[in-house]
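Chemist: Input file: input_6.cif. Contents: mmCIF, C-alpha atoms and all ligand atoms.
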data_entry
loop_
_atom_site.label_atom_id
_atom_site.label_comp_id
_atom_site.auth_asym_id
_atom_site.auth_seq_id
_atom_site.Cartn_x
_atom_site.Cartn_y
_atom_site.Cartn_z
CA MET C 1133 22.56 76.71 49.71
CA SER C 1134 20.04 78.33 52.07
CA ASN C 1135 19.31 75.17 54.09
CA PHE C 1136 22.98 74.29 54.54
CA ASP C 1137 23.45 74.39 58.30
CA HIS C 1138 27.00 73.13 58.78
CA HIS C 1139 29.93 75.43 59.49
CA LEU C 1140 32.86 75.40 57.05
CA ILE C 1141 36.21 76.74 58.20
CA LEU C 1142 39.14 77.58 55.97
CA ALA C 1143 42.15 75.79 57.52
CA PRO C 1144 45.43 77.61 58.03
CA ILE C 1145 48.13 76.85 55.47
CA ARG C 1146 51.15 78.94 56.38
CA GLY C 1147 52.41 81.05 53.48
CA VAL C 1148 49.16 80.75 51.53
CA THR C 1149 45.97 81.46 53.49
CA ASN C 1150 46.91 84.98 54.60
CA TYR C 1151 44.33 87.80 54.74
CA ILE C 1152 44.88 88.62 51.09
CA TYR C 1153 43.95 85.06 50.13
CA ARG C 1154 41.09 84.84 52.62
CA ASN C 1155 39.57 88.12 51.40
CA ALA C 1156 40.00 87.16 47.74
CA LEU C 1157 38.31 83.80 48.33
CA ASN C 1158 35.49 85.45 50.23
CA ALA C 1159 34.91 88.05 47.52
CA THR C 1160 34.74 85.51 44.70
CA PHE C 1161 33.88 81.83 45.26
CA ALA C 1162 33.03 82.42 48.96
CA GLY C 1163 31.69 79.43 50.94
CA ALA C 1164 33.84 79.75 54.09
CA ASP C 1165 31.93 80.64 57.26
CA SER C 1166 35.12 81.50 59.10
CA ALA C 1167 38.87 80.99 58.94
CA LEU C 1168 41.74 80.06 61.22
CA ALA C 1169 44.85 82.09 60.45
CA PRO C 1170 48.30 80.45 60.18
CA TYR C 1171 50.28 80.40 63.40
CA ILE C 1172 52.39 83.13 64.90
CA VAL C 1173 55.55 82.00 66.69
CA PRO C 1174 56.44 84.14 69.69
CA VAL C 1175 60.16 84.28 70.48
CA ALA C 1176 61.97 84.64 73.81
CA SER C 1177 62.92 88.27 73.15
CA GLY C 1178 59.22 89.14 72.96
CA GLU C 1179 59.53 90.62 69.47
CA LEU C 1180 56.74 89.55 67.17
CA ASN C 1181 56.54 89.52 63.41
CA GLN C 1182 54.47 92.62 62.61
CA ARG C 1183 53.35 91.29 59.25
CA GLN C 1184 51.96 88.13 60.87
CA LEU C 1185 50.17 90.17 63.52
CA ALA C 1186 48.69 92.52 60.92
CA ASP C 1187 47.33 89.48 59.07
CA VAL C 1188 44.61 88.89 61.67
CA GLU C 1189 43.67 92.55 62.28
CA PHE C 1190 39.89 92.80 62.40
CA SER C 1191 39.65 95.74 59.98
CA LYS C 1192 41.64 93.87 57.30
CA ASN C 1193 39.57 90.70 57.35
CA ALA C 1194 36.27 90.30 55.54
CA LEU C 1195 35.94 86.77 56.90
CA GLU C 1196 35.65 86.07 60.64
CA THR C 1197 39.20 84.99 61.49
CA THR C 1198 40.67 83.33 64.56
CA GLY C 1199 44.34 84.03 65.29
CA GLN C 1200 46.65 81.12 66.08
CA VAL C 1201 49.72 80.84 68.33
CA LEU C 1202 52.41 78.14 68.31
CA THR C 1203 54.06 78.00 71.72
CA LYS C 1204 54.49 75.92 74.88
CA GLU C 1205 54.91 79.00 77.10
CA VAL C 1206 51.82 80.45 78.68
CA ASP C 1207 53.32 83.96 78.95
CA GLN C 1208 54.06 84.00 75.24
CA PHE C 1209 50.56 82.82 74.43
CA MET C 1210 49.08 85.52 76.63
CA GLN C 1211 51.27 88.23 75.14
CA VAL C 1212 49.96 87.44 71.67
CA ALA C 1213 46.37 87.03 72.88
CA HIS C 1214 46.43 90.57 74.34
CA ILE C 1215 47.85 92.01 71.13
CA PHE C 1216 45.18 90.13 69.15
CA LYS C 1217 42.57 91.69 71.41
CA ASP C 1218 43.92 95.19 70.67
CA LEU C 1219 43.75 94.35 66.96
CA GLY C 1220 40.06 93.51 67.29
CA VAL C 1221 40.53 89.74 66.95
CA LYS C 1222 37.72 87.84 68.68
CA LYS C 1223 39.19 84.37 69.13
CA VAL C 1224 42.60 82.81 69.67
CA ASN C 1225 43.69 79.23 68.97
CA LEU C 1226 46.57 77.18 70.38
CA ASN C 1227 48.38 75.05 67.80
CA MET C 1228 48.90 71.55 69.18
CA GLY C 1229 49.26 69.88 65.81
CA CYS C 1230 52.33 71.24 64.00
CA PRO C 1231 54.26 68.12 62.97
CA TYR C 1232 57.67 69.43 61.95
CA PRO C 1233 60.45 67.80 64.04
CA MET C 1234 62.10 71.19 64.65
CA VAL C 1235 58.87 72.25 66.37
CA ALA C 1236 57.61 68.98 67.86
CA ASN C 1237 61.02 68.00 69.34
CA ARG C 1238 60.87 71.25 71.30
CA THR C 1239 57.56 70.22 72.93
CA LYS C 1240 55.57 72.55 70.69
CA GLY C 1241 52.74 71.78 68.27
CA SER C 1242 52.13 68.02 68.11
CA GLY C 1243 55.15 67.56 70.43
CA LEU C 1244 52.93 68.72 73.31
CA LEU C 1245 50.71 65.66 72.87
CA LEU C 1246 53.35 63.44 74.50
CA HIS C 1247 53.18 65.56 77.66
CA PRO C 1248 49.62 65.65 79.03
CA GLU C 1249 50.75 67.08 82.39
CA ARG C 1250 52.30 70.02 80.56
CA VAL C 1251 49.19 70.41 78.41
CA GLU C 1252 47.03 70.49 81.52
CA LYS C 1253 49.09 73.26 83.09
CA LEU C 1254 49.21 75.28 79.88
CA LEU C 1255 45.51 74.97 79.07
CA THR C 1256 44.39 75.61 82.65
CA THR C 1257 46.28 78.90 82.83
CA ILE C 1258 45.17 79.95 79.38
CA LYS C 1259 41.56 79.13 80.20
CA ASN C 1260 41.76 81.23 83.39
CA LYS C 1261 43.58 84.22 81.98
CA CYS C 1262 42.86 84.44 78.28
CA PRO C 1263 41.23 87.76 77.31
CA LEU C 1264 39.65 86.18 74.21
CA GLU C 1265 37.55 83.14 73.37
CA PHE C 1266 39.96 80.26 73.24
CA SER C 1267 40.15 77.16 71.03
CA VAL C 1268 42.59 74.32 70.35
CA LYS C 1269 43.65 72.51 67.18
CA ILE C 1270 45.30 69.15 67.69
CA ARG C 1271 46.10 65.81 66.06
CA LEU C 1272 45.28 62.32 67.28
CA GLY C 1273 48.78 62.06 68.69
CA ARG C 1274 52.37 62.49 67.75
CA GLU C 1275 53.40 58.83 67.63
CA ASP C 1276 50.17 57.01 68.40
CA SER C 1277 46.44 57.70 68.40
CA SER C 1278 46.16 56.63 72.05
CA GLU C 1279 47.82 59.92 73.05
CA ILE C 1280 44.68 61.99 72.49
CA LYS C 1281 42.84 59.86 75.06
CA LYS C 1282 44.99 61.49 77.75
CA ILE C 1283 44.25 64.98 76.42
CA ILE C 1284 40.47 64.55 76.18
CA PRO C 1285 39.81 64.58 79.97
CA ILE C 1286 41.69 67.89 80.16
CA ILE C 1287 39.55 69.36 77.37
CA ASN C 1288 36.42 68.10 79.14
CA ASP C 1289 37.39 69.40 82.59
CA LEU C 1290 38.28 72.83 81.25
CA GLU C 1291 35.09 72.95 79.15
CA ILE C 1292 37.00 73.89 76.02
CA ASN C 1293 34.17 73.77 73.55
CA ASP C 1294 35.94 74.86 70.39
CA PHE C 1295 38.19 72.02 69.48
CA THR C 1296 39.48 70.82 66.10
CA ILE C 1297 41.07 67.43 65.50
CA HIS C 1298 43.21 66.82 62.43
CA ALA C 1299 42.73 63.06 62.07
CA ARG C 1300 46.42 62.23 61.64
CA LEU C 1301 49.49 61.66 63.77
CA GLY C 1302 52.29 64.18 64.02
CA LYS C 1303 54.77 61.62 62.69
CA GLN C 1304 52.78 61.39 59.44
CA ILE C 1305 53.46 65.10 58.77
CA TYR C 1306 50.83 65.71 56.04
CA LYS C 1307 51.04 62.34 54.32
CA GLY C 1308 49.42 58.94 54.60
CA GLU C 1309 45.79 58.21 55.34
CA VAL C 1310 43.62 60.09 57.79
CA ASP C 1311 42.47 57.83 60.63
CA VAL C 1312 38.74 58.44 60.71
CA ASP C 1313 38.12 55.43 62.99
CA SER C 1314 40.37 56.84 65.70
CA PHE C 1315 38.66 60.23 65.27
CA ALA C 1316 35.27 58.54 65.72
CA ASP C 1317 36.58 56.72 68.83
CA CYS C 1318 37.16 60.11 70.48
CA LEU C 1319 33.55 61.25 70.09
CA PRO C 1320 31.93 59.28 72.95
CA LEU C 1321 34.76 60.42 75.26
CA LEU C 1322 34.37 64.12 74.54
CA ASN C 1323 31.82 66.39 76.26
CA THR C 1324 31.88 68.68 73.25
CA ILE C 1325 31.48 67.87 69.58
CA PRO C 1326 34.75 68.67 67.80
CA CYS C 1327 35.42 70.09 64.37
CA TYR C 1328 36.74 67.51 61.88
CA ASN C 1329 39.84 68.24 59.81
CA GLY C 1330 41.77 66.22 57.23
CA ASP C 1331 41.71 65.30 53.55
CA ILE C 1332 38.34 66.62 52.42
CA LYS C 1333 39.29 67.25 48.81
CA THR C 1334 36.01 66.87 46.92
CA VAL C 1335 32.28 67.29 47.49
CA ALA C 1336 32.08 63.47 47.47
CA ASP C 1337 34.68 63.31 50.29
CA TYR C 1338 32.58 65.73 52.32
CA LYS C 1339 29.37 63.76 51.73
CA ARG C 1340 31.08 60.52 52.68
CA MET C 1341 32.51 62.02 55.86
CA ARG C 1342 29.12 63.48 56.75
CA GLU C 1343 27.61 60.01 56.52
CA THR C 1344 30.46 58.42 58.49
CA LEU C 1345 30.43 61.10 61.21
CA PRO C 1346 26.77 62.17 61.49
CA SER C 1347 27.24 64.14 64.73
CA ILE C 1348 29.85 66.48 63.23
CA SER C 1349 28.67 69.85 61.92
CA ARG C 1350 31.93 71.83 61.83
CA TRP C 1351 34.47 71.00 59.14
CA MET C 1352 37.87 72.55 58.59
CA ILE C 1353 39.25 72.26 55.07
CA GLY C 1354 42.65 73.37 53.80
CA ARG C 1355 44.44 71.89 50.81
CA GLY C 1356 41.17 70.88 49.16
CA VAL C 1357 40.20 74.55 48.94
CA LEU C 1358 43.64 75.63 47.76
CA SER C 1359 43.46 73.08 44.93
CA ASN C 1360 39.84 73.97 44.13
CA PRO C 1361 38.81 77.37 45.51
CA ALA C 1362 35.17 76.62 44.61
CA LEU C 1363 35.08 73.58 46.93
CA LEU C 1364 33.38 75.22 49.93
CA ALA C 1365 30.72 76.85 47.74
CA GLN C 1366 30.22 73.54 45.93
CA ILE C 1367 29.78 71.73 49.25
CA LYS C 1368 27.04 74.26 49.98
CA GLY C 1369 25.33 73.31 46.74
CA GLN C 1370 26.57 75.95 44.32
CA THR C 1371 27.48 74.85 40.82
CA PHE C 1372 29.81 76.40 38.27
CA THR C 1373 30.30 75.96 34.56
CA LYS C 1374 33.86 75.97 33.26
CA GLU C 1375 33.22 79.55 32.09
CA THR C 1376 31.86 80.87 35.39
CA TYR C 1377 34.59 78.99 37.27
CA LYS C 1378 37.28 80.55 35.12
CA SER C 1379 35.98 84.07 35.51
CA LYS C 1380 35.70 83.74 39.31
CA LEU C 1381 39.21 82.31 39.46
CA PHE C 1382 40.51 85.11 37.25
CA GLU C 1383 38.99 87.66 39.63
CA MET C 1384 40.33 85.84 42.69
CA HIS C 1385 43.83 85.67 41.22
CA LYS C 1386 43.65 89.38 40.33
CA LEU C 1387 42.71 90.28 43.92
CA ILE C 1388 45.58 88.17 45.29
CA THR C 1389 48.22 89.65 42.97
CA GLU C 1390 46.97 93.21 43.52
CA GLY C 1391 47.01 92.58 47.26
CA TYR C 1392 50.65 91.49 47.21
CA LEU C 1393 51.79 94.22 44.85
CA GLU C 1394 50.23 96.86 47.10
CA LEU C 1395 52.44 95.69 49.96
CA ASP C 1396 55.82 97.30 49.35
CA ASN C 1397 57.73 94.73 51.33
CA ALA C 1398 56.12 91.86 49.43
CA LYS C 1399 57.20 92.99 45.93
CA SER C 1400 60.61 91.37 46.24
CA ASP C 1401 59.15 87.95 47.01
CA PHE C 1402 56.05 88.25 44.84
CA LEU C 1403 57.11 85.42 42.53
CA ALA C 1404 57.91 83.09 45.43
CA LYS C 1405 54.60 83.88 47.06
CA MET C 1406 52.63 83.24 43.89
CA ARG C 1407 54.50 79.96 43.34
CA GLY C 1408 53.26 78.97 46.80
CA HIS C 1409 49.69 79.48 45.58
CA TRP C 1410 50.20 77.73 42.26
CA ILE C 1411 51.58 74.57 43.92
CA TYR C 1412 47.90 73.98 44.71
CA LEU C 1413 46.08 76.15 42.17
CA ARG C 1414 47.62 74.23 39.26
CA ASP C 1415 45.12 71.43 40.04
CA VAL C 1416 42.29 73.59 38.69
CA PHE C 1417 43.64 73.20 35.16
CA GLU C 1418 43.53 70.15 32.94
CA ASP C 1419 47.27 70.15 32.29
CA ASP C 1420 48.41 70.99 35.81
CA HIS C 1421 51.98 69.96 35.06
CA LYS C 1422 52.42 72.44 32.23
CA VAL C 1423 50.69 75.18 34.21
CA TYR C 1424 53.08 74.88 37.12
CA LYS C 1425 56.09 74.67 34.80
CA LYS C 1426 55.12 78.04 33.27
CA ILE C 1427 54.82 79.62 36.73
CA LYS C 1428 58.13 78.16 37.89
CA LYS C 1429 59.95 79.48 34.83
CA ALA C 1430 58.77 83.08 35.30
CA ARG C 1431 61.72 85.20 36.45
CA SER C 1432 60.03 88.61 36.50
CA ILE C 1433 56.56 90.00 37.16
CA GLU C 1434 56.26 90.63 33.42
CA HIS C 1435 57.03 86.97 32.63
CA TYR C 1436 54.66 85.93 35.39
CA ASN C 1437 51.86 87.97 33.82
CA ASP C 1438 52.56 86.36 30.42
CA ALA C 1439 52.40 82.91 32.04
CA VAL C 1440 49.08 83.74 33.71
CA GLU C 1441 47.66 85.02 30.42
CA TRP C 1442 48.58 81.68 28.84
CA ILE C 1443 47.20 79.71 31.80
CA PHE C 1444 43.81 81.37 31.64
CA GLU C 1445 43.51 80.27 28.01
CA GLN C 1446 43.79 76.62 29.14
CA ASP C 1447 40.96 74.26 30.02
CA ILE C 1448 39.54 73.99 33.51
CA ALA C 1449 39.81 70.35 34.69
CA ASP C 1450 36.62 68.29 34.92
CA ARG C 1451 37.62 67.26 38.47
CA VAL C 1452 36.85 70.73 39.89
CA ILE C 1453 33.46 71.22 38.22
C1 LIG R 1 52.06 73.88 54.02
C2 LIG R 1 51.14 73.72 55.20
C3 LIG R 1 51.11 74.71 56.19
C4 LIG R 1 50.25 74.56 57.31
N1 LIG R 1 50.21 75.56 58.26
C5 LIG R 1 49.42 75.39 59.37
C6 LIG R 1 49.34 76.38 60.39
O1 LIG R 1 49.94 77.46 60.31
N2 LIG R 1 48.56 76.12 61.48
C7 LIG R 1 47.85 74.93 61.60
O2 LIG R 1 47.14 74.74 62.59
N3 LIG R 1 47.87 74.01 60.62
C8 LIG R 1 48.64 74.21 59.52
N4 LIG R 1 48.63 73.26 58.54
C9 LIG R 1 47.71 72.10 58.67
C10 LIG R 1 46.38 72.39 57.98
O3 LIG R 1 45.71 73.48 58.58
C11 LIG R 1 45.46 71.16 58.06
O4 LIG R 1 45.31 70.79 59.40
C12 LIG R 1 46.01 69.98 57.27
O5 LIG R 1 46.50 70.37 56.01
C13 LIG R 1 44.92 68.89 57.06
O6 LIG R 1 43.76 69.43 56.46
P1 LIG R 1 43.51 69.39 54.86
O7 LIG R 1 43.71 67.97 54.43
O8 LIG R 1 42.09 69.87 54.69
O9 LIG R 1 44.54 70.31 54.24
C14 LIG R 1 49.45 73.40 57.42
C15 LIG R 1 49.47 72.44 56.41
C16 LIG R 1 50.30 72.57 55.32
C17 LIG R 1 50.31 71.50 54.26
#
How would this structure read if it were set down as structure tokens?
Ligand SMILES: Cc1cc2nc3c(=O)[nH]c(=O)nc-3n(C[C@H](O)[C@H](O)[C@H](O)COP(=O)(O)O)c2cc1C
Modeler:
Amino acid sequence: MSNFDHHLILAPIRGVTNYIYRNALNATFAGADSALAPYIVPVASGELNQRQLADVEFSKNALETTGQVLTKEVDQFMQVAHIFKDLGVKKVNLNMGCPYPMVANRTKGSGLLLHPERVEKLLTTIKNKCPLEFSVKIRLGREDSSEIKKIIPIINDLEINDFTIHARLGKQIYKGEVDVDSFADCLPLLNTIPCYNGDIKTVADYKRMRETLPSISRWMIGRGVLSNPALLAQIKGQTFTKETYKSKLFEMHKLITEGYLELDNAKSDFLAKMRGHWIYLRDVFEDDHKVYKKIKKARSIEHYNDAVEWIFEQDIADRVI
């Protein structure tokens, strides 16, 4: 653990990796060195979702957290960056990877990757005016991995040195294989060493990627952590027995549920929110199918608590130990 010198970042998964989750992870399994928060979408009227803004507030976050913005408009990006600054946030990230057609067809997220001239204008202005440290998260392209080759010179010229590549195409959404070869092809072209993101689900995956990409020292991991909250700690060399795993998970789950129930406006959608967590968390248990079925059937907080009591009597799966 002590001689582990790579940097592990909790990836943003909208609806799941909010500050309540990030703090609960940090207080129990730990292992993340920092986190990127899920994106905020500014709208033309200028009104911003207060709950999303509050999520990145410095005083609420135990883990160093970068705020993220999904926009193609420089004014909107700057508006959020200034608010982040007032909230004590240290860094802001531009989302150039969101794959959903509703977003990408409007030249946002991965849709920007088809328009390098627009990217250049946007990034140049942000670089000149941004009141915070600035980073970018992108994919290899929207339709084709050649698209990133037109973005790289812009990143180099602007000396953007905090840069994460999700090694997929926008059109893949979150499915299909990651294209590690195309990621590796970018490395000699870049003046800065990027952060790798995509499909690290086990310690073995991490070790394999580390061997394949020996120059990389920053790794962003999302769904792998959600499905096994011990993953980052395990990558750093920590081991758990099924008993210690279960008690950490119990504590983490308690912190998450208490966090939601303390928020008045979250009580009404508590069950939906917890289902969002269990879509992934089910994988911790041997019979993941039955676990998720119990959660899905719960129609009240009382039923939910009964389901959780049952779940924590079940076996932890060998795959997460
Ligand atoms: C449900 C879901 C929501 C996501 N939300 C965001 C987001 O808000 N911002 C972002 O940059 N990426 C988002 N992502 C992408 C992840 O951060 C990450 O890039 C992707 O899942 C690949 O990494 P992984 O295989 O380690 O999960 C989301 C992914 C999923 C599946």
Chemist: For chain C against ligand LIG 1 (chain R), with a cut-off of 10 Å and counting all atoms listed in the file, what is the closest atom pair and its distance in Å to one decimal for every residue that makes the cut, ordered by chain and number, as JSON lines?
Modeler:
{"residue": "C:Ile1141", "atom": "CA", "partner": "R:LIG1", "partner_atom": "O8", "distance": 9.7}
{"residue": "C:Leu1142", "atom": "CA", "partner": "R:LIG1", "partner_atom": "O3", "distance": 8.2}
{"residue": "C:Ala1143", "atom": "CA", "partner": "R:LIG1", "partner_atom": "O3", "distance": 4.4}
{"residue": "C:Pro1144", "atom": "CA", "partner": "R:LIG1", "partner_atom": "O3", "distance": 4.2}
{"residue": "C:Ile1145", "atom": "CA", "partner": "R:LIG1", "partner_atom": "C4", "distance": 3.6}
{"residue": "C:Arg1146", "atom": "CA", "partner": "R:LIG1", "partner_atom": "N1", "distance": 4.0}
{"residue": "C:Gly1147", "atom": "CA", "partner": "R:LIG1", "partner_atom": "C3", "distance": 7.0}
{"residue": "C:Val1148", "atom": "CA", "partner": "R:LIG1", "partner_atom": "C1", "distance": 7.9}
{"residue": "C:Thr1149", "atom": "CA", "partner": "R:LIG1", "partner_atom": "N1", "distance": 8.7}
{"residue": "C:Asn1150", "atom": "CA", "partner": "R:LIG1", "partner_atom": "O1", "distance": 9.9}
{"residue": "C:Leu1168", "atom": "CA", "partner": "R:LIG1", "partner_atom": "O2", "distance": 7.7}
{"residue": "C:Ala1169", "atom": "CA", "partner": "R:LIG1", "partner_atom": "O1", "distance": 6.9}
{"residue": "C:Pro1170", "atom": "CA", "partner": "R:LIG1", "partner_atom": "O1", "distance": 3.4}
{"residue": "C:Tyr1171", "atom": "CA", "partner": "R:LIG1", "partner_atom": "O1", "distance": 4.3}
{"residue": "C:Ile1172", "atom": "CA", "partner": "R:LIG1", "partner_atom": "O1", "distance": 7.7}
{"residue": "C:Val1173", "atom": "CA", "partner": "R:LIG1", "partner_atom": "O1", "distance": 9.6}
{"residue": "C:Gly1199", "atom": "CA", "partner": "R:LIG1", "partner_atom": "N2", "distance": 9.7}
{"residue": "C:Gln1200", "atom": "CA", "partner": "R:LIG1", "partner_atom": "N2", "distance": 7.1}
{"residue": "C:Val1201", "atom": "CA", "partner": "R:LIG1", "partner_atom": "N2", "distance": 8.4}
{"residue": "C:Leu1202", "atom": "CA", "partner": "R:LIG1", "partner_atom": "N2", "distance": 8.1}
{"residue": "C:Asn1225", "atom": "CA", "partner": "R:LIG1", "partner_atom": "O2", "distance": 8.5}
{"residue": "C:Leu1226", "atom": "CA", "partner": "R:LIG1", "partner_atom": "O2", "distance": 8.2}
{"residue": "C:Asn1227", "atom": "CA", "partner": "R:LIG1", "partner_atom": "O2", "distance": 5.4}
{"residue": "C:Met1228", "atom": "CA", "partner": "R:LIG1", "partner_atom": "O2", "distance": 7.5}
{"residue": "C:Gly1229", "atom": "CA", "partner": "R:LIG1", "partner_atom": "O2", "distance": 6.2}
{"residue": "C:Cys1230", "atom": "CA", "partner": "R:LIG1", "partner_atom": "N3", "distance": 6.2}
{"residue": "C:Pro1231", "atom": "CA", "partner": "R:LIG1", "partner_atom": "C9", "distance": 8.8}
{"residue": "C:Gly1241", "atom": "CA", "partner": "R:LIG1", "partner_atom": "O2", "distance": 8.5}
{"residue": "C:Val1268", "atom": "CA", "partner": "R:LIG1", "partner_atom": "O2", "distance": 9.0}
{"residue": "C:Lys1269", "atom": "CA", "partner": "R:LIG1", "partner_atom": "O2", "distance": 6.2}
{"residue": "C:Ile1270", "atom": "CA", "partner": "R:LIG1", "partner_atom": "O2", "distance": 7.8}
{"residue": "C:Arg1271", "atom": "CA", "partner": "R:LIG1", "partner_atom": "O4", "distance": 8.4}
{"residue": "C:Thr1296", "atom": "CA", "partner": "R:LIG1", "partner_atom": "O4", "distance": 8.9}
{"residue": "C:Ile1297", "atom": "CA", "partner": "R:LIG1", "partner_atom": "O4", "distance": 8.2}
{"residue": "C:His1298", "atom": "CA", "partner": "R:LIG1", "partner_atom": "O4", "distance": 5.4}
{"residue": "C:Ala1299", "atom": "CA", "partner": "R:LIG1", "partner_atom": "C13", "distance": 8.0}
{"residue": "C:Arg1300", "atom": "CA", "partner": "R:LIG1", "partner_atom": "C13", "distance": 8.2}
{"residue": "C:Ile1305", "atom": "CA", "partner": "R:LIG1", "partner_atom": "C17", "distance": 8.4}
{"residue": "C:Tyr1306", "atom": "CA", "partner": "R:LIG1", "partner_atom": "C17", "distance": 6.1}
{"residue": "C:Lys1307", "atom": "CA", "partner": "R:LIG1", "partner_atom": "C17", "distance": 9.2}
{"residue": "C:Val1310", "atom": "CA", "partner": "R:LIG1", "partner_atom": "O7", "distance": 8.6}
{"residue": "C:Tyr1328", "atom": "CA", "partner": "R:LIG1", "partner_atom": "O6", "distance": 9.1}
{"residue": "C:Asn1329", "atom": "CA", "partner": "R:LIG1", "partner_atom": "O6", "distance": 5.3}
{"residue": "C:Gly1330", "atom": "CA", "partner": "R:LIG1", "partner_atom": "O7", "distance": 3.8}
{"residue": "C:Asp1331", "atom": "CA", "partner": "R:LIG1", "partner_atom": "O7", "distance": 3.5}
{"residue": "C:Ile1332", "atom": "CA", "partner": "R:LIG1", "partner_atom": "O8", "distance": 5.5}
{"residue": "C:Lys1333", "atom": "CA", "partner": "R:LIG1", "partner_atom": "O8", "distance": 7.0}
{"residue": "C:Trp1351", "atom": "CA", "partner": "R:LIG1", "partner_atom": "O8", "distance": 8.9}
{"residue": "C:Met1352", "atom": "CA", "partner": "R:LIG1", "partner_atom": "O8", "distance": 6.3}
{"residue": "C:Ile1353", "atom": "CA", "partner": "R:LIG1", "partner_atom": "O8", "distance": 3.7}
{"residue": "C:Gly1354", "atom": "CA", "partner": "R:LIG1", "partner_atom": "O9", "distance": 3.6}
{"residue": "C:Arg1355", "atom": "CA", "partner": "R:LIG1", "partner_atom": "O9", "distance": 3.8}
{"residue": "C:Gly1356", "atom": "CA", "partner": "R:LIG1", "partner_atom": "O8", "distance": 5.7}
{"residue": "C:Val1357", "atom": "CA", "partner": "R:LIG1", "partner_atom": "O8", "distance": 7.7}
{"residue": "C:Leu1358", "atom": "CA", "partner": "R:LIG1", "partner_atom": "O9", "distance": 8.4}
{"residue": "C:Ser1359", "atom": "CA", "partner": "R:LIG1", "partner_atom": "O9", "distance": 9.8}
{"residue": "C:Gly1408", "atom": "CA", "partner": "R:LIG1", "partner_atom": "C1", "distance": 8.9}
Chemist: So which one's closest to Ile1283 in chain C, C:Lys1378, C:Lys1368, C:Lys1253, C:Lys1405? Using all atoms listed in the file, please.
Modeler: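 Closest candidate: C:Lys1253.
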Chemist: Starting from the point (54.8, 75.6, 36.1), work out which residues of protein, DNA or RNA have an atom no more than 10 Å away when counting all atoms listed in the file; state them as a PyMOL selection string.
Modeler: chain C and resi 1407+1410-1411+1414+1420-1430+1439+1443
Chemist: At a cut-off of 10 Å from (54.3, 89.0, 76.5) in the coordinates of the file, what residues are picked up using only C-alpha atoms, written as a list in words?
Modeler: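 So the residues meeting the distance criterion are Pro1174, Val1175, Ala1176, Ser1177, Gly1178, Glu1179, Leu1180, Val1206, Asp1207, Gln1208, Phe1209, Met1210, Gln1211, Val1212, Ala1213, His1214 and Ile1215 of chain C.
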Chemist: So how far away is CA of Asp1450 in chain C from CA of Asp1415 in chain C, in Å?
Modeler: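 So the two atoms, CA of Asp1415 in chain C and CA of Asp1450 in chain C, lie 10.4 Å apart.
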Chemist: Between CA of Asp1294 in chain C and CA of Thr1198 in chain C, what distance in Å does the model show, to one decimal?
Modeler: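 Interatomic distance, CA of Asp1294 in chain C to CA of Thr1198 in chain C: 11.3 Å.
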Chemist: Quick one, how far is CA of Thr1371 in chain C from CA of Asp1447 in chain C?
Modeler: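 So the answer is 17.3 Å.
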Chemist: With all atoms listed in the file as the atoms that count, which of C:Ser1267, C:Thr1256, C:Gln1366, C:Ser1379 lies nearest to Ala1164 in chain C?
Modeler: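 Ranking C:Ser1267, C:Thr1256, C:Gln1366, C:Ser1379 by distance to Ala1164 in chain C, first place goes to C:Gln1366.
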Chemist: When you look at Glu1275 in chain C with a cut-off of 7 Å (counting all atoms listed in the file), what residues show up, excluding the ones that are within fewer than 4 positions of it in the same chain? I need them as a ChimeraX atom specification.
Modeler: /C:1301-1303
Chemist: Which residue gives the smallest distance to Asn1437 in chain C among C:Lys1223, C:Lys1386, C:Arg1350, C:His1139, with all atoms listed in the file counted?
Modeler: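 Closest to Asn1437 in chain C of all the choices is C:Lys1386.
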Chemist: Which neighbours of range 1317-1325 of chain C fall inside 12 Å, counting all atoms listed in the file, when residues of the same chain fewer than 4 positions from it are skipped, and could you give them as a ChimeraX atom specification?
Modeler: /C:1271-1273,1277-1297,1299,1311-1313,1345-1351
